[in-house]
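Engineer: File name my_file_31.cif; file contents mmCIF, C-alpha atoms, pLDDT in the B column; chains and numbers go by the auth columns; full text below.
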data_upload
loop_
_atom_site.group_PDB
_atom_site.id
_atom_site.type_symbol
_atom_site.label_atom_id
_atom_site.label_comp_id
_atom_site.label_asym_id
_atom_site.label_seq_id
_atom_site.Cartn_x
_atom_site.Cartn_y
_atom_site.Cartn_z
_atom_site.B_iso_or_equiv
_atom_site.auth_seq_id
_atom_site.auth_asym_id
ATOM 1 C CA MET A 1 5.269 -38.241 -5.026 51.00 209 A
ATOM 2 C CA GLN A 2 1.888 -37.748 -3.457 54.00 210 A
ATOM 3 C CA ASP A 3 3.454 -36.680 -0.135 55.00 211 A
ATOM 4 C CA GLU A 4 5.504 -33.932 -1.734 59.00 212 A
ATOM 5 C CA VAL A 5 2.637 -32.269 -3.574 59.00 213 A
ATOM 6 C CA ASN A 6 -0.097 -30.748 -1.476 64.00 214 A
ATOM 7 C CA THR A 7 -3.379 -30.398 -3.234 64.00 215 A
ATOM 8 C CA LYS A 8 -5.959 -27.861 -2.215 70.00 216 A
ATOM 9 C CA VAL A 9 -9.510 -27.553 -3.334 70.00 217 A
ATOM 10 C CA VAL A 10 -10.997 -24.077 -3.580 70.00 218 A
ATOM 11 C CA ALA A 11 -14.616 -23.286 -4.235 74.00 219 A
ATOM 12 C CA ILE A 12 -15.396 -19.974 -5.918 73.00 220 A
ATOM 13 C CA ALA A 13 -18.999 -18.913 -6.365 76.00 221 A
ATOM 14 C CA VAL A 14 -19.704 -16.371 -9.085 74.00 222 A
ATOM 15 C CA LYS A 15 -23.147 -14.912 -9.622 77.00 223 A
ATOM 16 C CA GLY A 16 -23.936 -14.245 -13.228 74.00 224 A
ATOM 17 C CA GLY A 17 -26.032 -15.226 -16.202 77.00 225 A
ATOM 18 C CA LYS A 18 -23.208 -16.288 -18.461 79.00 226 A
ATOM 19 C CA ILE A 19 -19.740 -17.092 -17.246 80.00 227 A
ATOM 20 C CA THR A 20 -17.288 -15.980 -19.856 85.00 228 A
ATOM 21 C CA ALA A 21 -13.521 -16.107 -19.752 86.00 229 A
ATOM 22 C CA GLU A 22 -13.395 -12.452 -18.666 87.00 230 A
ATOM 23 C CA VAL A 23 -15.750 -13.014 -15.733 85.00 231 A
ATOM 24 C CA LEU A 24 -13.777 -16.072 -14.623 84.00 232 A
ATOM 25 C CA GLU A 25 -10.507 -14.150 -14.938 90.00 233 A
ATOM 26 C CA LYS A 26 -11.841 -11.247 -12.819 89.00 234 A
ATOM 27 C CA ALA A 27 -13.119 -13.664 -10.167 87.00 235 A
ATOM 28 C CA LEU A 28 -9.746 -15.429 -9.953 87.00 236 A
ATOM 29 C CA LYS A 29 -7.870 -12.115 -9.724 93.00 237 A
ATOM 30 C CA LYS A 30 -10.146 -10.990 -6.908 90.00 238 A
ATOM 31 C CA PHE A 31 -9.589 -14.320 -5.145 88.00 239 A
ATOM 32 C CA VAL A 32 -5.795 -14.004 -5.443 89.00 240 A
ATOM 33 C CA GLU A 33 -5.932 -10.413 -4.118 91.00 241 A
ATOM 34 C CA GLU A 34 -7.912 -11.558 -1.072 87.00 242 A
ATOM 35 C CA ILE A 35 -5.409 -14.344 -0.361 85.00 243 A
ATOM 36 C CA GLU A 36 -2.450 -11.930 -0.636 86.00 244 A
ATOM 37 C CA LYS A 37 -4.223 -9.426 1.590 85.00 245 A
ATOM 38 C CA ALA A 38 -4.872 -12.105 4.218 81.00 246 A
ATOM 39 C CA GLN A 39 -1.246 -13.268 4.141 79.00 247 A
ATOM 40 C CA LYS A 40 0.025 -9.713 4.421 77.00 248 A
ATOM 41 C CA SER A 41 -2.121 -8.937 7.462 70.00 249 A
ATOM 42 C CA HIS A 42 -1.091 -12.149 9.232 66.00 250 A
ATOM 43 C CA SER A 43 2.627 -11.733 8.615 58.00 251 A
ATOM 44 C CA GLN A 44 3.079 -8.374 10.376 59.00 252 A
ATOM 45 C CA PRO A 45 1.751 -7.603 13.839 61.00 253 A
ATOM 46 C CA LYS A 46 0.006 -4.273 14.235 66.00 254 A
ATOM 47 C CA THR A 47 2.372 -1.469 15.157 69.00 255 A
ATOM 48 C CA TYR A 48 1.008 1.194 17.439 73.00 256 A
ATOM 49 C CA ARG A 49 1.941 4.871 17.109 75.00 257 A
ATOM 50 C CA GLY A 50 1.710 7.756 19.560 79.00 258 A
ATOM 51 C CA LYS A 51 0.057 7.200 22.926 82.00 259 A
ATOM 52 C CA GLN A 52 -0.282 3.520 23.781 83.00 260 A
ATOM 53 C CA SER A 53 -0.220 1.104 26.671 83.00 261 A
ATOM 54 C CA ILE A 54 3.012 -0.014 28.292 82.00 262 A
ATOM 55 C CA LYS A 55 2.321 -3.556 27.087 85.00 263 A
ATOM 56 C CA HIS A 56 2.271 -2.442 23.432 83.00 264 A
ATOM 57 C CA LEU A 57 5.371 -0.321 23.933 80.00 265 A
ATOM 58 C CA VAL A 58 7.314 -3.253 25.405 78.00 266 A
ATOM 59 C CA SER A 59 6.126 -5.602 22.652 80.00 267 A
ATOM 60 C CA GLN A 60 7.961 -3.495 20.043 80.00 268 A
ATOM 61 C CA ASN A 61 11.313 -4.948 21.217 75.00 269 A
ATOM 62 C CA ALA A 62 12.973 -1.654 22.072 76.00 270 A
ATOM 63 C CA ALA A 63 14.684 -0.484 25.231 79.00 271 A
ATOM 64 C CA ILE A 64 12.288 1.487 27.424 82.00 272 A
ATOM 65 C CA SER A 65 13.199 4.717 29.249 79.00 273 A
ATOM 66 C CA ASN A 66 11.041 6.909 31.433 80.00 274 A
ATOM 67 C CA ILE A 67 10.776 10.475 32.690 78.00 275 A
ATOM 68 C CA GLU A 68 8.905 11.582 35.789 80.00 276 A
ATOM 69 C CA VAL A 69 6.425 14.411 35.361 74.00 277 A
ATOM 70 C CA THR A 70 4.740 16.033 38.346 67.00 278 A
ATOM 71 C CA ASP A 71 2.541 18.413 36.401 66.00 279 A
ATOM 72 C CA GLY A 72 -1.144 17.539 36.611 61.00 280 A
ATOM 73 C CA ASN A 73 -1.799 18.883 33.121 67.00 281 A
ATOM 74 C CA ILE A 74 -0.174 15.975 31.307 73.00 282 A
ATOM 75 C CA LYS A 75 -2.754 16.132 28.495 74.00 283 A
ATOM 76 C CA ALA A 76 -1.072 19.258 27.143 74.00 284 A
ATOM 77 C CA PHE A 77 2.090 17.213 26.555 75.00 285 A
ATOM 78 C CA GLU A 78 0.288 14.884 24.145 79.00 286 A
ATOM 79 C CA HIS A 79 0.104 17.577 21.444 81.00 287 A
ATOM 80 C CA THR A 80 3.870 18.098 21.545 80.00 288 A
ATOM 81 C CA ALA A 81 4.570 14.349 21.608 80.00 289 A
ATOM 82 C CA ASN A 82 2.353 13.771 18.581 82.00 290 A
ATOM 83 C CA LYS A 83 4.105 16.628 16.773 85.00 291 A
ATOM 84 C CA TYR A 84 7.459 14.889 17.209 82.00 292 A
ATOM 85 C CA GLY A 85 6.053 11.417 16.423 82.00 293 A
ATOM 86 C CA ILE A 86 7.012 9.884 19.759 81.00 294 A
ATOM 87 C CA ASP A 87 5.673 6.504 20.826 82.00 295 A
ATOM 88 C CA TYR A 88 4.977 6.806 24.544 82.00 296 A
ATOM 89 C CA ALA A 89 2.930 5.397 27.397 85.00 297 A
ATOM 90 C CA LEU A 90 1.659 7.217 30.492 84.00 298 A
ATOM 91 C CA LYS A 91 1.481 5.675 33.947 85.00 299 A
ATOM 92 C CA LYS A 92 -0.068 7.490 36.910 84.00 300 A
ATOM 93 C CA ASP A 93 1.572 6.834 40.276 82.00 301 A
ATOM 94 C CA THR A 94 -1.052 7.516 42.944 83.00 302 A
ATOM 95 C CA SER A 95 1.066 6.366 45.896 85.00 303 A
ATOM 96 C CA GLU A 96 2.220 9.954 46.467 80.00 304 A
ATOM 97 C CA GLN A 97 0.257 13.135 46.944 81.00 305 A
ATOM 98 C CA PRO A 98 0.006 14.933 44.504 79.00 306 A
ATOM 99 C CA PRO A 99 0.113 12.043 42.029 80.00 307 A
ATOM 100 C CA ARG A 100 3.066 11.919 39.699 81.00 308 A
ATOM 101 C CA TYR A 101 3.103 10.719 36.127 82.00 309 A
ATOM 102 C CA LEU A 102 5.701 8.517 34.458 84.00 310 A
ATOM 103 C CA VAL A 103 6.159 8.887 30.721 82.00 311 A
ATOM 104 C CA PHE A 104 7.651 5.731 29.190 84.00 312 A
ATOM 105 C CA PHE A 105 9.183 5.900 25.727 82.00 313 A
ATOM 106 C CA LYS A 106 11.545 3.935 23.493 81.00 314 A
ATOM 107 C CA GLY A 107 15.244 4.230 24.255 71.00 315 A
ATOM 108 C CA ARG A 108 16.092 5.305 20.730 76.00 316 A
ATOM 109 C CA ASP A 109 13.721 8.279 21.092 74.00 317 A
ATOM 110 C CA VAL A 110 15.750 9.866 23.926 78.00 318 A
ATOM 111 C CA ASP A 111 17.032 12.808 21.865 83.00 319 A
ATOM 112 C CA VAL A 112 13.637 13.476 20.346 83.00 320 A
ATOM 113 C CA MET A 113 11.993 13.164 23.760 78.00 321 A
ATOM 114 C CA THR A 114 14.347 15.693 25.373 81.00 322 A
ATOM 115 C CA GLN A 115 13.665 18.142 22.547 85.00 323 A
ATOM 116 C CA ALA A 116 9.919 17.659 22.924 82.00 324 A
ATOM 117 C CA PHE A 117 10.148 18.256 26.685 80.00 325 A
ATOM 118 C CA LYS A 118 12.210 21.408 26.122 86.00 326 A
ATOM 119 C CA GLU A 119 9.572 22.766 23.764 85.00 327 A
ATOM 120 C CA PHE A 120 6.763 21.722 26.107 82.00 328 A
ATOM 121 C CA SER A 121 8.371 23.354 29.153 81.00 329 A
ATOM 122 C CA ALA A 122 9.158 26.552 27.216 86.00 330 A
ATOM 123 C CA LYS A 123 5.525 26.703 26.120 84.00 331 A
ATOM 124 C CA LYS A 124 4.365 26.243 29.734 81.00 332 A
ATOM 125 C CA VAL A 125 6.682 29.047 30.944 84.00 333 A
ATOM 126 C CA ARG A 126 5.342 31.407 28.256 84.00 334 A
ATOM 127 C CA GLN A 127 1.761 30.571 29.241 81.00 335 A
ATOM 128 C CA SER A 128 2.453 31.153 32.935 80.00 336 A
ATOM 129 C CA GLU A 129 3.996 34.567 32.225 83.00 337 A
ATOM 130 C CA LYS A 130 0.963 35.729 30.267 82.00 338 A
ATOM 131 C CA PRO A 131 -2.028 36.866 32.303 78.00 339 A
ATOM 132 C CA SER A 132 -5.101 34.748 31.746 81.00 340 A
ATOM 133 C CA LEU A 133 -8.046 36.013 29.787 85.00 341 A
ATOM 134 C CA ARG A 134 -10.196 36.069 32.929 88.00 342 A
ATOM 135 C CA GLN A 135 -7.647 38.278 34.685 87.00 343 A
ATOM 136 C CA LYS A 136 -7.663 40.683 31.730 88.00 344 A
ATOM 137 C CA LEU A 137 -11.459 40.782 31.777 91.00 345 A
ATOM 138 C CA SER A 138 -11.631 41.484 35.519 92.00 346 A
ATOM 139 C CA ARG A 139 -9.066 44.299 35.182 90.00 347 A
ATOM 140 C CA SER A 140 -10.988 45.892 32.323 91.00 348 A
ATOM 141 C CA ARG A 141 -14.247 45.654 34.323 92.00 349 A
ATOM 142 C CA GLU A 142 -12.623 47.348 37.308 91.00 350 A
ATOM 143 C CA ALA A 143 -11.218 50.075 35.065 89.00 351 A
ATOM 144 C CA ALA A 144 -14.651 50.640 33.488 88.00 352 A
ATOM 145 C CA LYS A 145 -16.299 50.871 36.928 86.00 353 A
ATOM 146 C CA ALA A 146 -13.661 53.342 38.128 84.00 354 A
ATOM 147 C CA GLN A 147 -14.089 55.446 35.008 81.00 355 A
ATOM 148 C CA GLN A 148 -17.853 55.505 35.460 78.00 356 A
ATOM 149 C CA ARG A 149 -17.509 56.577 39.115 74.00 357 A
ATOM 150 C CA GLU A 150 -15.390 59.536 38.037 69.00 358 A
ATOM 151 C CA LYS A 151 -18.144 60.854 35.811 66.00 359 A
ATOM 152 C CA VAL A 152 -20.391 63.240 37.681 56.00 360 A
ATOM 153 C CA LYS A 153 -24.009 62.871 36.834 62.00 361 A
ATOM 154 C CA ILE A 154 -26.045 66.065 36.639 60.00 362 A
ATOM 155 C CA LYS A 155 -29.681 65.333 37.166 67.00 363 A
ATOM 156 C CA ASN A 156 -31.027 68.886 36.848 68.00 364 A
ATOM 157 C CA LYS A 157 -29.991 70.413 33.596 64.00 365 A
ATOM 158 C CA ASP A 158 -30.536 74.121 33.029 67.00 366 A
ATOM 159 C CA ARG A 159 -32.105 74.604 29.636 70.00 367 A
ATOM 160 C CA GLY A 160 -31.931 78.374 29.723 68.00 368 A
ATOM 161 C CA VAL A 161 -35.665 78.910 29.874 67.00 369 A
ATOM 162 C CA GLU A 162 -36.906 80.501 33.075 64.00 370 A
ATOM 163 C CA LEU A 163 -40.456 81.149 34.114 60.00 371 A
#
Go through the file and emit its structure as structure tokens.

Structural biologist:
Amino acid sequence: MQDEVNTKVVAIAVKGGKITAEVLEKALKKFVEEIEKAQKSHSQPKTYRGKQSIKHLVSQNAAISNIEVTDGNIKAFEHTANKYGIDYALKKDTSEQPPRYLVFFKGRDVDVMTQAFKEFSAKKVRQSEKPSLRQKLSRSREAAKAQQREKVKIKNKDRGVEL
């Protein structure tokens, strides 16, 4: 009988002047909550979301797919990936010049990933078609200089008074 029943001894320290039934009940409830919280955190491994390492992506027991990206501005893709809730990992391949980037993602996210890349590439095309703000500023400066050159400055004004 003794082998079947495991006995545990728990020490609970409560600070107080008088220990009433209510104080003891609150202390025991708090103790039980802490035990449940500890069991809950130990039972499930931490799941990572968004950008993560390849090791964490592989540990989620999902098939891994990848897409090659040659664009150096890979940081701009992160906004789109976070918008679609994609779990992905980036790997930089420096064996080639310019370096290429591999984006690894879960196999079940293929459809979502293709949609995110479509949106990302469409956004890049729209940005490339628009002139940059610096180009607009330089054009407006040149136009202002040309307009000022056209003005003829008259240094000697005739005021109509003759001596």

Engineer: Check what the PyMOL selection byres ((chain A and resi 320-334) around 9) selects in the file above and give those residues as a PyMOL selection string.

Structural biologist: chain A and resi 284-285+288-289+291-294+313+316-319+335-338

Engineer: Take the residues that were just selected and, keeping C-alpha atoms, output them as a PDB file, keeping the file's coordinate frame.

Structural biologist:
ATOM      1  CA  ALA A 284      -1.072  19.258  27.143  1.00 74.00           C
ATOM      2  CA  PHE A 285       2.090  17.213  26.555  1.00 75.00           C
ATOM      3  CA  THR A 288       3.870  18.098  21.545  1.00 80.00           C
ATOM      4  CA  ALA A 289       4.570  14.349  21.608  1.00 80.00           C
ATOM      5  CA  LYS A 291       4.105  16.628  16.773  1.00 85.00           C
ATOM      6  CA  TYR A 292       7.459  14.889  17.209  1.00 82.00           C
ATOM      7  CA  GLY A 293       6.053  11.417  16.423  1.00 82.00           C
ATOM      8  CA  ILE A 294       7.012   9.884  19.759  1.00 81.00           C
ATOM      9  CA  PHE A 313       9.183   5.900  25.727  1.00 82.00           C
ATOM     10  CA  ARG A 316      16.092   5.305  20.730  1.00 76.00           C
ATOM     11  CA  ASP A 317      13.721   8.279  21.092  1.00 74.00           C
ATOM     12  CA  VAL A 318      15.750   9.866  23.926  1.00 78.00           C
ATOM     13  CA  ASP A 319      17.032  12.808  21.865  1.00 83.00           C
ATOM     14  CA  GLN A 335       1.761  30.571  29.241  1.00 81.00           C
ATOM     15  CA  SER A 336       2.453  31.153  32.935  1.00 80.00           C
ATOM     16  CA  GLU A 337       3.996  34.567  32.225  1.00 83.00           C
ATOM     17  CA  LYS A 338       0.963  35.729  30.267  1.00 82.00           C
TER      18      LYS A 338
END

Engineer: Hey, can you pull every residue with an atom no more than 10 Å from (5.8, 4.2, 18.2), using only C-alpha atoms, and send it as a list in words?

Structural biologist: Thr255, Tyr256, Arg257, Gly258, Lys259, Gln260, His264, Leu265, Gln268, Gly293, Ile294, Asp295, Tyr296, Ala297, Phe313, Lys314 and Asp317 of chain A

Engineer: Go ahead and compute the interatomic distance for CA of Gly315 in chain A and CA of Leu298 in chain A, in Å to one decimal.

Structural biologist: 15.2 Å

Engineer: Mind pulling up the distance from CA of Ser267 in chain A to CA of Asn290 in chain A?

Structural biologist: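 One can read the CA of Asn290 in chain A to CA of Ser267 in chain A distance as 20.2 Å.
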
Engineer: Using the chain letters and numbers from the file, which residues does the PyMOL selection byres ((chain A and resi 219) around 12) grab, as a list in words?

Structural biologist: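 Listing what the PyMOL selection byres ((chain A and resi 219) around 12) selects in the shown file: Lys216, Val217, Val218, Ile220, Ala221, Val222, Ala235, Leu236 and Phe239 of chain A.
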
Engineer: Mind giving me the axis-aligned box for range 220-233 of chain A with 6 Å on every side, centre plus edges in Å to one decimal, as AutoDock Vina command-line options?

Structural biologist:
--center_x -18.3 --center_y -16.2 --center_z -12.9 --size_x 27.5 --size_y 19.5 --size_z 25.9

Engineer: Looking at only C-alpha atoms, which of A:Arg342, A:Ile243, A:Arg349, A:Asn274 is the one that sits closest to Tyr309 in chain A?

Structural biologist: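 Closest to Tyr309 in chain A, using only C-alpha atoms: A:Asn274.
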
Engineer: Expressed in Å to a single decimal, how great is the separation between CA of Arg308 in chain A and CA of His287 in chain A?

Structural biologist: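 Distance between the two atoms: 19.3 Å.
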
Engineer: Which residue out of A:Leu232, A:Leu310, A:Ala246, A:Ile282 has the minimum interatomic distance to Ile262 in chain A when all atoms listed in the file are used?

Structural biologist: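 When distances to Ile262 in chain A are compared using all atoms listed in the file, the smallest one comes from A:Leu310.
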